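Data first, discussion second: the structure below is written as structure tokens.
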Amino acid sequence: MYKKIMLLVCITLFVNCSDTTNLTNCIRSINLSTVTDLNNPSMINAQTPGGFAELPGGVKGILLFNKNGTDFVAFDKLCPKNECTTPMVLEGRVLTCSCHESKYSVDFGGAPQTDGFECPAIEYKVTKNGSTIRISNF
């Protein structure tokens with residue numbers, strides 16, 4: 001009886017998995033490892049919650065965003081559709097690609113906020129140790 005229940009649970013889990021076939025065409029992050037210090041004058045805006053700093057690196061540059069004073073996220077400014085030569089810009093807590101006005105949430109891992117867009121913004125891993133910030137691919 002136990003084996004039948006476990007088999008039913010496993011089948012249910014496999015059937016309920018989301019379809020990610022379209023996500024295989026999404027741009028993946030590039031190899032990246034950069035270190036910066038929050039005490040640098042260019043990083044002063046990123047020291048406050050809701051603040052951000054733009055850094056060189058990645059494909060079109062990196063946007064480092066301070067979510068709440070202790071948690072940071074970093075995104076490549078490359079538009080996920082990769083057909084735009086202009087880097088994305090931060091508007092509030094949303095990254096916007098100017099070529100087709102698609103929007104991507106900083107709070108939800110770069111998830112697209114515009115209908116018809118499936119690929120998320122490229123997110124990098126951020127590790128904070130004291131005032132040192134390390135940004136790398138996952």
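So you can find residues: chains in the structure tokens are A, B, ... in the order shown, residues in each start at 1, and ligands are numbered from 1 in order.
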What are the nearest atom pairs, with distances in Å to one decimal, for all residues of range 59-97 of chain A that come at most 9 Å from range 102-122 of chain A, using only C-alpha atoms, set out by chain and rising residue number as CSV?
```
residue,atom,partner,partner_atom,distance
A:Phe65,CA,A:Val106,CA,7.9
A:Lys67,CA,A:Asp107,CA,7.6
A:Val73,CA,A:Val106,CA,7.6
A:Ala74,CA,A:Ile122,CA,8.6
A:Phe75,CA,A:Ile122,CA,5.5
A:Asp76,CA,A:Ile122,CA,5.4
A:Lys77,CA,A:Ile122,CA,7.9
A:Leu78,CA,A:Ile122,CA,7.5
A:Cys79,CA,A:Ala121,CA,6.9
A:Pro80,CA,A:Ala121,CA,5.5
A:Lys81,CA,A:Cys119,CA,7.5
A:Leu90,CA,A:Val106,CA,8.9
A:Arg93,CA,A:Val106,CA,5.5
A:Val94,CA,A:Ser105,CA,4.8
A:Leu95,CA,A:Tyr104,CA,5.0
A:Thr96,CA,A:Lys103,CA,4.5
A:Cys97,CA,A:Ser102,CA,5.4
```
Self-check item: Who sits within 10 Å of Pro49 in chain A, only C-alpha atoms, same chain under 3 positions skipped, as a PyMOL selection string
Solution: chain A and resi 45-46+52+65-72
Given the selection you just returned, output its residues as a file containing all heavy atoms, formatted as an mmCIF file, in the first residue's frame.
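Written file, selection.cif:
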```cif
data_model
loop_
_atom_site.group_PDB
_atom_site.id
_atom_site.type_symbol
_atom_site.label_atom_id
_atom_site.label_comp_id
_atom_site.auth_asym_id
_atom_site.auth_seq_id
_atom_site.Cartn_x
_atom_site.Cartn_y
_atom_site.Cartn_z
ATOM 1 N N ASN A 45 25.640 55.374 -3.711
ATOM 2 C CA ASN A 45 24.192 55.230 -3.875
ATOM 3 C C ASN A 45 23.715 53.821 -3.517
ATOM 4 O O ASN A 45 22.588 53.640 -3.058
ATOM 5 C CB ASN A 45 23.787 55.585 -5.313
ATOM 6 C CG ASN A 45 22.301 55.748 -5.464
ATOM 7 O OD1 ASN A 45 21.626 56.230 -4.562
ATOM 8 N ND2 ASN A 45 21.786 55.346 -6.605
ATOM 9 N N ALA A 46 24.562 52.821 -3.717
ATOM 10 C CA ALA A 46 24.186 51.432 -3.425
ATOM 11 C C ALA A 46 24.241 51.108 -1.930
ATOM 12 O O ALA A 46 23.863 50.012 -1.524
ATOM 13 C CB ALA A 46 25.083 50.475 -4.197
ATOM 14 N N PHE A 52 21.201 51.880 -5.966
ATOM 15 C CA PHE A 52 21.854 51.010 -6.947
ATOM 16 C C PHE A 52 23.138 51.644 -7.446
ATOM 17 O O PHE A 52 23.372 52.836 -7.252
ATOM 18 C CB PHE A 52 20.919 50.719 -8.123
ATOM 19 C CG PHE A 52 20.665 51.906 -9.006
ATOM 20 C CD1 PHE A 52 21.420 52.099 -10.150
ATOM 21 C CD2 PHE A 52 19.677 52.831 -8.686
ATOM 22 C CE1 PHE A 52 21.192 53.205 -10.968
ATOM 23 C CE2 PHE A 52 19.439 53.923 -9.497
ATOM 24 C CZ PHE A 52 20.203 54.116 -10.638
ATOM 25 N N PHE A 65 21.833 46.262 -7.138
ATOM 26 C CA PHE A 65 20.694 46.879 -6.466
ATOM 27 C C PHE A 65 20.655 46.449 -5.002
ATOM 28 O O PHE A 65 20.765 45.264 -4.693
ATOM 29 C CB PHE A 65 19.388 46.462 -7.164
ATOM 30 C CG PHE A 65 18.167 47.137 -6.630
ATOM 31 C CD1 PHE A 65 17.859 48.438 -6.990
ATOM 32 C CD2 PHE A 65 17.325 46.476 -5.762
ATOM 33 C CE1 PHE A 65 16.732 49.070 -6.494
ATOM 34 C CE2 PHE A 65 16.195 47.089 -5.258
ATOM 35 C CZ PHE A 65 15.896 48.387 -5.631
ATOM 36 N N ASN A 66 20.521 47.408 -4.097
ATOM 37 C CA ASN A 66 20.406 47.159 -2.658
ATOM 38 C C ASN A 66 18.918 47.008 -2.343
ATOM 39 O O ASN A 66 18.178 47.985 -2.348
ATOM 40 C CB ASN A 66 21.019 48.325 -1.885
ATOM 41 C CG ASN A 66 21.012 48.113 -0.385
ATOM 42 O OD1 ASN A 66 20.206 47.362 0.158
ATOM 43 N ND2 ASN A 66 21.910 48.798 0.293
ATOM 44 N N LYS A 67 18.479 45.776 -2.065
ATOM 45 C CA LYS A 67 17.049 45.526 -1.857
ATOM 46 C C LYS A 67 16.529 46.092 -0.539
ATOM 47 O O LYS A 67 15.456 46.674 -0.495
ATOM 48 C CB LYS A 67 16.761 44.025 -1.917
ATOM 49 C CG LYS A 67 16.877 43.459 -3.322
ATOM 50 C CD LYS A 67 16.644 41.989 -3.364
ATOM 51 C CE LYS A 67 15.169 41.679 -3.270
ATOM 52 N NZ LYS A 67 14.871 40.268 -3.507
ATOM 53 N N ASN A 68 17.295 45.905 0.545
ATOM 54 C CA ASN A 68 16.759 46.303 1.858
ATOM 55 C C ASN A 68 17.834 46.696 2.863
ATOM 56 O O ASN A 68 17.575 46.733 4.048
ATOM 57 C CB ASN A 68 15.922 45.159 2.435
ATOM 58 C CG ASN A 68 16.709 43.868 2.541
ATOM 59 O OD1 ASN A 68 17.929 43.872 2.501
ATOM 60 N ND2 ASN A 68 16.013 42.763 2.663
ATOM 61 N N GLY A 69 19.022 46.970 2.422
ATOM 62 C CA GLY A 69 20.104 47.337 3.326
ATOM 63 C C GLY A 69 21.079 46.204 3.580
ATOM 64 O O GLY A 69 22.239 46.448 3.885
ATOM 65 N N THR A 70 20.614 44.970 3.454
ATOM 66 C CA THR A 70 21.500 43.825 3.668
ATOM 67 C C THR A 70 21.535 42.874 2.474
ATOM 68 O O THR A 70 22.524 42.177 2.281
ATOM 69 C CB THR A 70 21.069 43.018 4.915
ATOM 70 O OG1 THR A 70 19.711 42.612 4.757
ATOM 71 C CG2 THR A 70 21.206 43.834 6.180
ATOM 72 N N ASP A 71 20.469 42.818 1.696
ATOM 73 C CA ASP A 71 20.404 41.919 0.543
ATOM 74 C C ASP A 71 20.621 42.695 -0.753
ATOM 75 O O ASP A 71 19.991 43.727 -0.979
ATOM 76 C CB ASP A 71 19.039 41.213 0.480
ATOM 77 C CG ASP A 71 18.798 40.320 1.676
ATOM 78 O OD1 ASP A 71 19.765 39.695 2.154
ATOM 79 O OD2 ASP A 71 17.640 40.242 2.134
ATOM 80 N N PHE A 72 21.510 42.171 -1.581
ATOM 81 C CA PHE A 72 21.835 42.793 -2.851
ATOM 82 C C PHE A 72 21.535 41.819 -3.984
ATOM 83 O O PHE A 72 21.658 40.608 -3.814
ATOM 84 C CB PHE A 72 23.320 43.168 -2.910
ATOM 85 C CG PHE A 72 23.690 44.300 -1.994
ATOM 86 C CD1 PHE A 72 23.928 44.074 -0.638
ATOM 87 C CD2 PHE A 72 23.820 45.587 -2.486
ATOM 88 C CE1 PHE A 72 24.267 45.111 0.209
ATOM 89 C CE2 PHE A 72 24.166 46.629 -1.646
ATOM 90 C CZ PHE A 72 24.395 46.397 -0.294
#
```
Practice problem: From chain A, collect each residue whose DSSP state is strand (DSSP E or B) and return the set as a ChimeraX atom specification. | Solution: /A:33-37,52-55,62-66,72-76,89-91,94-97,102-105,112,123-129,132-136
Quiz item: Neighbours of range 128-131 of chain A within 10 Å (only C-alpha atoms; same-chain residues fewer than 5 positions away dropped), as a list of chain:residue names?
Solution: A:Val35, A:Thr36, A:Asp37, A:Leu38, A:Asn39, A:Asn40, A:Gln47, A:Thr70, A:Asp71, A:Phe72
Exercise. Extract the full set of alpha helix (DSSP H) residues from chain A according to DSSP on the backbone, and format it as a PyMOL selection string.
Key: chain A and resi 2-15
